[in-house]
Every structure is written in C-alpha cells, then in structure tokens.
$ cat structure_13.cif   # mmCIF, C-alpha atoms
data_work
loop_
_atom_site.group_PDB
_atom_site.id
_atom_site.type_symbol
_atom_site.label_atom_id
_atom_site.label_comp_id
_atom_site.auth_asym_id
_atom_site.auth_seq_id
_atom_site.Cartn_x
_atom_site.Cartn_y
_atom_site.Cartn_z
ATOM 1 C CA MET A 1451 -26.851 -90.674 20.505
ATOM 2 C CA ASN A 1452 -25.669 -94.033 19.073
ATOM 3 C CA ASP A 1453 -29.025 -94.509 17.350
ATOM 4 C CA ILE A 1454 -28.573 -91.276 15.389
ATOM 5 C CA ALA A 1455 -25.010 -92.196 14.408
ATOM 6 C CA GLY A 1456 -26.111 -95.682 13.323
ATOM 7 C CA GLU A 1457 -29.018 -94.255 11.350
ATOM 8 C CA THR A 1458 -26.745 -91.782 9.552
ATOM 9 C CA GLU A 1459 -24.215 -94.527 8.804
ATOM 10 C CA GLY A 1460 -26.953 -96.768 7.382
ATOM 11 C CA THR A 1461 -28.250 -93.969 5.174
ATOM 12 C CA THR A 1462 -24.736 -93.219 3.920
ATOM 13 C CA ASN A 1463 -24.122 -96.889 3.083
ATOM 14 C CA ASN A 1464 -27.463 -97.044 1.259
ATOM 15 C CA LEU A 1465 -26.608 -93.949 -0.792
ATOM 16 C CA LEU A 1466 -23.166 -95.339 -1.639
ATOM 17 C CA GLN A 1467 -24.699 -98.635 -2.746
ATOM 18 C CA GLN A 1468 -27.221 -96.833 -4.963
ATOM 19 C CA LYS A 1469 -24.465 -94.662 -6.435
ATOM 20 C CA THR A 1470 -22.338 -97.734 -7.149
ATOM 21 C CA GLN A 1471 -25.292 -99.504 -8.751
ATOM 22 C CA LEU A 1472 -26.023 -96.495 -10.976
ATOM 23 C CA GLU A 1473 -22.364 -96.275 -12.007
ATOM 24 C CA ARG A 1474 -22.370 -99.978 -12.926
ATOM 25 C CA ARG A 1475 -25.558 -99.623 -14.972
ATOM 26 C CA PHE A 1476 -24.141 -96.621 -16.804
ATOM 27 C CA GLN A 1477 -20.862 -98.441 -17.501
ATOM 28 C CA HIS A 1478 -22.847 -101.441 -18.751
ATOM 29 C CA PHE A 1479 -24.766 -99.128 -21.090
ATOM 30 C CA LEU A 1480 -21.500 -97.661 -22.402
ATOM 31 C CA ASP A 1481 -20.113 -101.170 -22.923
ATOM 32 C CA GLU A 1482 -23.239 -102.143 -24.855
ATOM 33 C CA VAL A 1483 -23.146 -99.144 -27.228
ATOM 34 C CA THR A 1484 -19.400 -99.241 -27.892
ATOM 35 C CA PRO A 1485 -19.557 -101.327 -31.110
ATOM 36 C CA TYR A 1486 -22.254 -99.141 -32.686
ATOM 37 C CA ALA A 1487 -20.167 -96.096 -33.649
ATOM 38 C CA GLN A 1488 -22.470 -94.915 -36.418
ATOM 39 C CA TYR A 1489 -25.559 -94.902 -34.173
ATOM 40 C CA ARG A 1490 -23.660 -93.250 -31.332
ATOM 41 C CA TRP A 1491 -22.578 -90.396 -33.586
ATOM 42 C CA MET A 1492 -26.084 -90.065 -35.021
ATOM 43 C CA ALA A 1493 -27.475 -89.673 -31.494
ATOM 44 C CA THR A 1494 -24.798 -87.093 -30.682
ATOM 45 C CA ALA A 1495 -25.578 -85.216 -33.904
ATOM 46 C CA GLY A 1496 -29.241 -85.215 -32.847
ATOM 47 C CA LEU A 1497 -28.275 -83.710 -29.493
ATOM 48 C CA LEU A 1498 -26.186 -81.049 -31.247
ATOM 49 C CA VAL A 1499 -29.079 -80.179 -33.563
ATOM 50 C CA LEU A 1500 -31.397 -79.944 -30.561
ATOM 51 C CA PHE A 1501 -28.947 -77.620 -28.807
ATOM 52 C CA LEU A 1502 -28.451 -75.455 -31.902
ATOM 53 C CA LEU A 1503 -32.211 -75.211 -32.392
ATOM 54 C CA ARG A 1504 -32.499 -74.075 -28.790
ATOM 55 C CA VAL A 1505 -29.846 -71.390 -29.357
ATOM 56 C CA VAL A 1506 -31.285 -70.164 -32.663
ATOM 57 C CA LEU A 1507 -34.934 -70.120 -31.590
ATOM 58 C CA ALA A 1508 -34.273 -68.574 -28.179
ATOM 59 C CA GLU A 1509 -31.648 -66.196 -29.610
ATOM 60 C CA GLY A 1510 -29.229 -66.562 -26.743
ATOM 61 C CA TRP A 1511 -26.485 -68.591 -25.081
ATOM 62 C CA TYR A 1512 -23.908 -67.661 -27.701
ATOM 63 C CA ILE A 1513 -21.065 -67.828 -25.181
ATOM 64 C CA VAL A 1514 -22.087 -71.383 -24.261
ATOM 65 C CA THR A 1515 -22.169 -72.273 -27.967
ATOM 66 C CA TYR A 1516 -18.746 -70.696 -28.504
ATOM 67 C CA ALA A 1517 -17.284 -72.563 -25.532
ATOM 68 C CA LEU A 1518 -18.764 -75.823 -26.842
ATOM 69 C CA GLY A 1519 -17.273 -75.162 -30.287
ATOM 70 C CA ILE A 1520 -13.804 -74.425 -28.903
ATOM 71 C CA TYR A 1521 -13.937 -77.534 -26.708
ATOM 72 C CA MET A 1522 -15.048 -79.704 -29.626
ATOM 73 C CA LEU A 1523 -12.244 -78.247 -31.802
ATOM 74 C CA ASN A 1524 -9.741 -79.108 -29.085
ATOM 75 C CA LEU A 1525 -11.100 -82.672 -28.914
ATOM 76 C CA PHE A 1526 -10.998 -82.985 -32.709
ATOM 77 C CA LEU A 1527 -7.339 -81.944 -32.771
ATOM 78 C CA ALA A 1528 -6.517 -84.529 -30.122
ATOM 79 C CA PHE A 1529 -8.408 -87.079 -32.234
ATOM 80 C CA LEU A 1530 -6.314 -86.223 -35.320
ATOM 81 C CA THR A 1531 -2.984 -86.096 -33.510
ATOM 82 C CA PRO A 1532 -0.868 -89.225 -33.033
ATOM 83 C CA LYS A 1533 -0.195 -90.404 -29.503
ATOM 84 C CA ILE A 1534 3.536 -90.263 -30.134
ATOM 85 C CA ASP A 1535 4.382 -87.004 -31.866
ATOM 86 C CA PRO A 1536 6.616 -87.727 -34.891
ATOM 87 C CA SER A 1537 8.537 -84.460 -34.453
ATOM 88 C CA MET A 1538 9.514 -85.472 -30.930
ATOM 89 C CA ASP A 1539 10.332 -88.989 -32.128
ATOM 90 C CA LEU A 1540 12.732 -87.658 -34.774
ATOM 91 C CA ASP A 1541 14.444 -85.421 -32.208
ATOM 92 C CA GLU A 1542 14.962 -88.435 -29.921
ATOM 93 C CA GLN A 1543 16.449 -90.438 -32.794
ATOM 94 C CA GLU A 1544 18.927 -87.633 -33.544
ATOM 95 C CA THR A 1545 20.089 -87.466 -29.908
ATOM 96 C CA GLU A 1546 20.428 -91.252 -29.796
ATOM 97 C CA MET A 1547 22.651 -91.115 -32.890
ATOM 98 C CA GLU A 1548 24.850 -88.526 -31.196
ATOM 99 C CA GLU A 1549 25.122 -90.585 -27.988
ATOM 100 C CA GLY A 1550 26.379 -93.739 -29.658
ATOM 101 C CA PRO A 1551 25.420 -96.804 -31.633
ATOM 102 C CA SER A 1552 21.938 -98.232 -31.341
ATOM 103 C CA LEU A 1553 19.668 -100.550 -33.239
ATOM 104 C CA PRO A 1554 18.824 -99.398 -36.764
ATOM 105 C CA MET A 1555 15.537 -97.545 -36.782
ATOM 106 C CA LYS A 1556 14.684 -96.072 -40.157
ATOM 107 C CA ASN A 1557 11.226 -95.026 -41.179
ATOM 108 C CA ASP A 1558 11.361 -97.327 -44.205
ATOM 109 C CA GLU A 1559 12.178 -100.429 -42.183
ATOM 110 C CA GLU A 1560 9.791 -100.128 -39.270
ATOM 111 C CA PHE A 1561 5.995 -100.183 -39.409
ATOM 112 C CA LYS A 1562 4.394 -97.810 -36.947
ATOM 113 C CA PRO A 1563 0.602 -97.931 -36.820
ATOM 114 C CA PHE A 1564 -1.298 -94.707 -36.234
ATOM 115 C CA ILE A 1565 -2.397 -94.557 -32.613
ATOM 116 C CA ARG A 1566 -4.557 -91.597 -31.719
ATOM 117 C CA ARG A 1567 -3.941 -89.337 -28.755
ATOM 118 C CA LEU A 1568 -7.711 -89.412 -28.149
ATOM 119 C CA PRO A 1569 -9.472 -92.646 -29.196
ATOM 120 C CA GLU A 1570 -12.768 -92.473 -31.093
ATOM 121 C CA PHE A 1571 -14.897 -93.698 -28.194
ATOM 122 C CA LYS A 1572 -13.471 -91.143 -25.753
ATOM 123 C CA PHE A 1573 -13.879 -88.464 -28.420
ATOM 124 C CA TRP A 1574 -17.548 -89.388 -28.852
ATOM 125 C CA TYR A 1575 -18.149 -89.617 -25.107
ATOM 126 C CA SER A 1576 -16.560 -86.213 -24.445
ATOM 127 C CA VAL A 1577 -18.494 -84.525 -27.258
ATOM 128 C CA THR A 1578 -21.772 -86.059 -26.063
ATOM 129 C CA LYS A 1579 -21.129 -85.111 -22.452
ATOM 130 C CA ALA A 1580 -20.182 -81.535 -23.419
ATOM 131 C CA THR A 1581 -23.295 -81.208 -25.581
ATOM 132 C CA CYS A 1582 -25.496 -82.406 -22.712
ATOM 133 C CA ILE A 1583 -23.853 -79.906 -20.363
ATOM 134 C CA ALA A 1584 -24.322 -77.095 -22.913
ATOM 135 C CA LEU A 1585 -27.968 -78.082 -23.376
ATOM 136 C CA PHE A 1586 -28.414 -78.041 -19.589
ATOM 137 C CA CYS A 1587 -26.748 -74.603 -19.351
ATOM 138 C CA SER A 1588 -29.144 -73.271 -21.975
ATOM 139 C CA LEU A 1589 -31.997 -73.831 -19.540
ATOM 140 C CA PHE A 1590 -30.764 -71.053 -17.231
ATOM 141 C CA ARG A 1591 -30.681 -67.339 -18.019
ATOM 142 C CA VAL A 1592 -27.559 -66.839 -15.917
ATOM 143 C CA PHE A 1593 -25.514 -68.400 -18.756
ATOM 144 C CA ASP A 1594 -27.122 -66.162 -21.389
ATOM 145 C CA ILE A 1595 -24.465 -63.453 -21.428
ATOM 146 C CA PRO A 1596 -25.248 -60.761 -24.025
ATOM 147 C CA VAL A 1597 -22.583 -60.675 -26.751
ATOM 148 C CA TYR A 1598 -22.454 -59.697 -30.390
ATOM 149 C CA TRP A 1599 -22.483 -63.212 -31.849
ATOM 150 C CA PRO A 1600 -21.109 -62.450 -35.359
ATOM 151 C CA ILE A 1601 -17.752 -61.544 -33.809
ATOM 152 C CA LEU A 1602 -17.646 -64.890 -31.997
ATOM 153 C CA LEU A 1603 -18.567 -66.727 -35.188
ATOM 154 C CA VAL A 1604 -15.879 -64.984 -37.269
ATOM 155 C CA TYR A 1605 -13.271 -65.525 -34.554
ATOM 156 C CA PHE A 1606 -14.177 -69.221 -34.315
ATOM 157 C CA CYS A 1607 -13.979 -69.653 -38.102
ATOM 158 C CA ILE A 1608 -10.557 -67.970 -38.225
ATOM 159 C CA LEU A 1609 -9.330 -70.059 -35.296
ATOM 160 C CA PHE A 1610 -10.628 -73.237 -36.955
ATOM 161 C CA ALA A 1611 -8.959 -72.395 -40.284
ATOM 162 C CA ILE A 1612 -5.584 -71.551 -38.741
ATOM 163 C CA THR A 1613 -5.592 -74.594 -36.469
ATOM 164 C CA MET A 1614 -6.594 -77.019 -39.214
ATOM 165 C CA ARG A 1615 -4.023 -75.567 -41.620
ATOM 166 C CA ARG A 1616 -1.306 -76.124 -39.020
ATOM 167 C CA GLN A 1617 -2.551 -79.668 -38.365
ATOM 168 C CA ILE A 1618 -2.671 -80.529 -42.074
ATOM 169 C CA LYS A 1619 0.874 -79.168 -42.560
ATOM 170 C CA HIS A 1620 2.009 -81.358 -39.661
ATOM 171 C CA MET A 1621 0.296 -84.386 -41.241
ATOM 172 C CA ILE A 1622 1.967 -83.723 -44.611
ATOM 173 C CA LYS A 1623 5.401 -83.072 -43.090
ATOM 174 C CA TYR A 1624 5.452 -86.299 -41.057
ATOM 175 C CA ARG A 1625 3.425 -88.336 -43.590
ATOM 176 C CA TYR A 1626 0.657 -89.771 -41.478
ATOM 177 C CA ILE A 1627 -3.032 -90.205 -42.165
ATOM 178 C CA PRO A 1628 -5.277 -90.143 -39.098
ATOM 179 C CA PHE A 1629 -8.134 -91.947 -40.823
ATOM 180 C CA ASP A 1630 -8.521 -95.635 -41.502
ATOM 181 C CA LEU A 1631 -9.302 -95.856 -45.167
ATOM 182 C CA GLY A 1632 -10.195 -99.515 -44.877
ATOM 183 C CA LYS A 1633 -8.334 -102.697 -45.538
ATOM 184 C CA LYS A 1634 -6.936 -102.999 -49.031
ATOM 185 C CA ASN A 1635 -8.488 -105.845 -50.973
ATOM 186 C CA TYR A 1636 -6.345 -107.488 -53.565
ATOM 187 C CA ALA A 1637 -8.264 -108.968 -56.428
ATOM 188 C CA GLY A 1638 -7.528 -112.615 -56.800
ATOM 189 C CA PRO A 1639 -8.856 -114.839 -59.520
ATOM 190 C CA SER A 1640 -12.458 -113.859 -60.010
ATOM 191 C CA SER A 1641 -15.312 -116.328 -60.178
ATOM 192 C CA ARG A 1642 -15.719 -115.565 -63.912
ATOM 193 C CA ASP A 1643 -12.251 -116.928 -64.661
ATOM 194 C CA ARG A 1644 -13.037 -120.340 -63.155
#

$ encode --input "structure_13.cif" --output "structure tokens"
Amino acid sequence: MNDIAGETEGTTNNLLQQKTQLERRFQHFLDEVTPYAQYRWMATAGLLVLFLLRVVLAEGWYIVTYALGIYMLNLFLAFLTPKIDPSMDLDEQETEMEEGPSLPMKNDEEFKPFIRRLPEFKFWYSVTKATCIALFCSLFRVFDIPVYWPILLVYFCILFAITMRRQIKHMIKYRYIPFDLGKKNYAGPSSRDR
C-alpha cells in the first residue's frame, strides 16, 4: 500500500516540476519578446488573418467571431481609458474643497502623465490569447452555431460606433490623448549654421 502511495506522490511531484518548468520557459519567452512591440502585433495580426480566413472559407463560427470582436472591443476601450478616471478625479476634488482647505491642485499646475487602465503588453497578450482560443474553437463543430451573420455584423458595427463616439467625447471633455505622439524635438542650431 505504501509503494502505491509513494509512486503516486513521485508522479505528482514530477508533473508539478514539469509544469513549473514549462511556465518558466513561457515566461522567459514573454520577457524576450516584450521589447519588440511591432513584431508582436504583426504576429497577432497574422493569427487574426488566419482565423478570419478559416471563418470565411469554412462559412461558419460567426458566433465565435462575434464574441472575439466584442472581447477585443472591450480590451481596446480599456487600452484607451486612463487608469484614474478624470471624471471621478474632478468629483473627488470638489468634495475635498467642500470638506476644508487642502493643497492647491489645479490642472494647470500639476503634470499628470497618461497611464492606461490596460497596458500595451497586456492588451497584446489578451488579444493574442483570445485569437488562439477562437482559432481552437473553430476546429470543433459544436461551436458552429447557425446564425444569420449580417445581423451580427451590423450590430457589432453599431456597437463599435456608439462606444467609440462616447469614448472620443470623454477624451475631448477631459482633454487627454491616449497615444504617445513621440517626444518633441526642438531644433537647435543646425550644422549648416556652424
């Protein structure tokens, strides 16, 4: 009886060690590809094209495609949204003013960098993982639920337009730009002037 228990325990430890080793290798891979944002997104775009080709050529899995689109829209909104919502920040400032004196905190005096609710790397990782899952689901007929796909497409387009309009209004109202437009270069004396 002890031999069977010891054998099972040894097998469990071996499986846990292999799982830990695989997790470390995968994390090492993620650490290695982190600086190469352009190549990461190109690979993800390739996966998306592969998935869309699968859907178009097989003429199915429209629900999976719709779910992937909604999930990616949700991730994109989190990517565009600041970590600290300016509308909530202004409400807190108003209540602090009512409660009593505090340090001066005006928008003109204080620099607040744009910090995303969902960082670029996590956005990429989530989109890639979701695309892989959708591609895997397209291998099984159980996920190919018959629907009239033009309705899903129109509904997604309307949802995208309404959501992005609301997000752009929010960006204009609270004056923030979620994209890094690069460091401004100030032209000093050029080499021709010397």

$ axis_aligned_box --input "structure_13.cif" --around "range 1591-1600 of chain A" --padding-each-side "8 Å" --output "AutoDock Vina command-line options"
--center_x -25.9 --center_y -64.0 --center_z -25.6 --size_x 25.6 --size_y 24.7 --size_z 35.4

$ closest_residue --input "structure_13.cif" --among "A:Thr1581, A:Thr1470, A:Asn1463, A:Thr1613" --to "Asn1524 in chain A" --atoms "only C-alpha atoms"
A:Thr1613

$ atom_distance --input "structure_13.cif" --atom1 "CA of Thr1494 in chain A" --atom2 "CA of Thr1578 in chain A"
5.6 Å

$ atom_distance --input "structure_13.cif" --atom1 "CA of Arg1615 in chain A" --atom2 "CA of Arg1567 in chain A"
18.8 Å

$ resolve_selection --input "structure_13.cif" --expression "the PyMOL selection byres ((chain A and resi 1565) around 6)" --output "JSON, numbers by chain"
{"A": [1532, 1533, 1564, 1566]}

$ atom_distance --input "structure_13.cif" --atom1 "CA of Thr1515 in chain A" --atom2 "CA of Met1614 in chain A"
19.8 Å

$ resolve_selection --input "structure_13.cif" --expression "the PyMOL selection byres ((chain A and resi 1573) around 12)" --output "PyMOL selection string"
chain A and resi 1487+1490-1491+1494+1521-1530+1566-1572+1574-1580

$ closest_residue --input "structure_13.cif" --among "A:Ala1508, A:Ile1534, A:Leu1497, A:Ile1520" --to "Phe1606 in chain A" --atoms "only C-alpha atoms"
A:Ile1520

$ resolve_selection --input "structure_13.cif" --expression "the PyMOL selection byres ((chain A and resi 1594-1603) around 8)" --output "PyMOL selection string"
chain A and resi 1510-1514+1516+1588+1590-1593+1604-1607

$ residues_near_point --input "structure_13.cif" --point "(1.0, -79.7, -39.8)" --cutoff "12 Å" --atoms "all atoms listed in the file" --output "list in words"
Leu1527, Leu1530, Thr1531, Pro1532, Asp1535, Pro1536, Ser1537, Ile1612, Thr1613, Met1614, Arg1615, Arg1616, Gln1617, Ile1618, Lys1619, His1620, Met1621, Ile1622, Lys1623, Tyr1624, Arg1625, Tyr1626 and Ile1627 of chain A

$ write_last_selection --input "structure_13.cif" --atoms "C-alpha atoms" --output "PDB file, keeping the file's coordinate frame"
ATOM      1  CA  LEU A1527      -7.339 -81.944 -32.771  1.00  0.00           C
ATOM      2  CA  LEU A1530      -6.314 -86.223 -35.320  1.00  0.00           C
ATOM      3  CA  THR A1531      -2.984 -86.096 -33.510  1.00  0.00           C
ATOM      4  CA  PRO A1532      -0.868 -89.225 -33.033  1.00  0.00           C
ATOM      5  CA  ASP A1535       4.382 -87.004 -31.866  1.00  0.00           C
ATOM      6  CA  PRO A1536       6.616 -87.727 -34.891  1.00  0.00           C
ATOM      7  CA  SER A1537       8.537 -84.460 -34.453  1.00  0.00           C
ATOM      8  CA  ILE A1612      -5.584 -71.551 -38.741  1.00  0.00           C
ATOM      9  CA  THR A1613      -5.592 -74.594 -36.469  1.00  0.00           C
ATOM     10  CA  MET A1614      -6.594 -77.019 -39.214  1.00  0.00           C
ATOM     11  CA  ARG A1615      -4.023 -75.567 -41.620  1.00  0.00           C
ATOM     12  CA  ARG A1616      -1.306 -76.124 -39.020  1.00  0.00           C
ATOM     13  CA  GLN A1617      -2.551 -79.668 -38.365  1.00  0.00           C
ATOM     14  CA  ILE A1618      -2.671 -80.529 -42.074  1.00  0.00           C
ATOM     15  CA  LYS A1619       0.874 -79.168 -42.560  1.00  0.00           C
ATOM     16  CA  HIS A1620       2.009 -81.358 -39.661  1.00  0.00           C
ATOM     17  CA  MET A1621       0.296 -84.386 -41.241  1.00  0.00           C
ATOM     18  CA  ILE A1622       1.967 -83.723 -44.611  1.00  0.00           C
ATOM     19  CA  LYS A1623       5.401 -83.072 -43.090  1.00  0.00           C
ATOM     20  CA  TYR A1624       5.452 -86.299 -41.057  1.00  0.00           C
ATOM     21  CA  ARG A1625       3.425 -88.336 -43.590  1.00  0.00           C
ATOM     22  CA  TYR A1626       0.657 -89.771 -41.478  1.00  0.00           C
ATOM     23  CA  ILE A1627      -3.032 -90.205 -42.165  1.00  0.00           C
TER      24      ILE A1627
END

$ closest_residue --input "structure_13.cif" --among "A:Pro1628, A:His1478, A:Pro1485, A:Gly1519" --to "Phe1610 in chain A" --atoms "all atoms listed in the file"
A:Gly1519

$ closest_residue --input "structure_13.cif" --among "A:Tyr1486, A:Phe1479, A:Cys1582, A:Thr1461" --to "Val1499 in chain A" --atoms "all atoms listed in the file"
A:Cys1582
